[in-house]
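Reviewing the structure listed below.
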Amino acid sequence: KHVAADLLCEAEHDEEARVYLVTTSRLFAKRVVTELTRQLGQLGRQMISSRSIENHALAFVVRTLDEAFELANRIAPEHLSLNVNRAGDYVSRIRHAGAIFVGRYTPPAVADYVAGPNHVLPTGGSARFFSCVGVDEYIKSSNVVAYSQTALRKARVPVMRLSMLEGLDAHGRSMESRWT
């Protein structure tokens with residue numbers, strides 16, 4: 001029931017929402033689909049959820065948990081509910097997800113409303129190369145670099161070599177000018 005409810009939690013956002021179930025059990029997949037269909041009929045946003053499910057929902061039955069994690073990482077979902085025994089032991093297997101909800105008692109809704117994590121998440125598989133939008137996105141910052149004379153002497157040779165390799169003479173001269 002809770003897996004179907006979590007899937008519908010995503011589907012009710014938008015007709016274009018992508019909803020995926022990845023499991024190692026064909027029987028479990030069938031039971032979730034049956035339950036999802038039952039719960040769908042009870043939703044206020046039934047039309048939106050129905051279109052999402054009809055057009056963009058898939059259930060994948062894989063042979064092993066290794067395959068399940070590989071597929072989940074390839075999908076790179078905005079939300080990933082990790083519903084396995086000892087779910088916390090598997091968090092490190094997820095490399096690409098906007099938010100990970102760990103275990104049976106962590107529905108996406110608790111994160112949306114009360115747990116407090118960031119809810120501006122990468123969508124459409126972009127979790128493969130983007131993170132959640134964080135407060136740093138809204139703060140202007142500058143890099144501050146300060147070297148002592150001793151530290152600069154240690155960096156002198158690598159900086160001079162790199163400037164020469166890149167053909168950036170002024171970079172090398174900027175270094176060299178400190179000692180001439």
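Note on naming: chains are A, B, ... as they come in the structure tokens, residues start from 1 per chain, ligands start from 1 in the order shown.
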* Apply DSSP to the backbone of this structure and, from chain A, keep only the residues in strand (DSSP E); write these as an NGL selection string. => :A and (19-23 or 57-61 or 79-82 or 99-102)
* To do: Identify, on the basis of only C-alpha atoms, every residue whose closest approach to stretch 29-39 of chain A does not exceed 6 Å; exclude the query and any residue fewer than 3 positions from it along the same chain; express the result as a list in words.
  =>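 Here the qualifying residues turn out to be Ala4, Arg26 and Gln42 of chain A.
Neighbouring residues of A:Arg95 at 10 Å or closer, counting only C-alpha atoms and skipping chain neighbours under 3 positions away, are Phe69, Glu70, Ala72, Asn73, Arg74, Ala76, Val91, Ser92, Gly98, Ala127 and Arg128 of chain A.
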* Using only C-alpha atoms, determine which residues lie at most 12 Å from A:Glu54, disregarding the query and same-chain residues fewer than 4 positions distant; provide the list as a list in words. =>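 Everything that qualifies: Leu8, Ala11, Glu15, Glu16, Ala17, Arg18, Val19, Tyr20, Val33, Leu36, Thr37, Leu40, Gln46, Met47, Ile48, Ser49, Ser50, Leu58 and Ala59 of chain A.
Using only C-alpha atoms, the smallest distance between any of A:Met175, A:Val145, A:Val62, A:Leu43 and A:Val157 comes from A:Met175.
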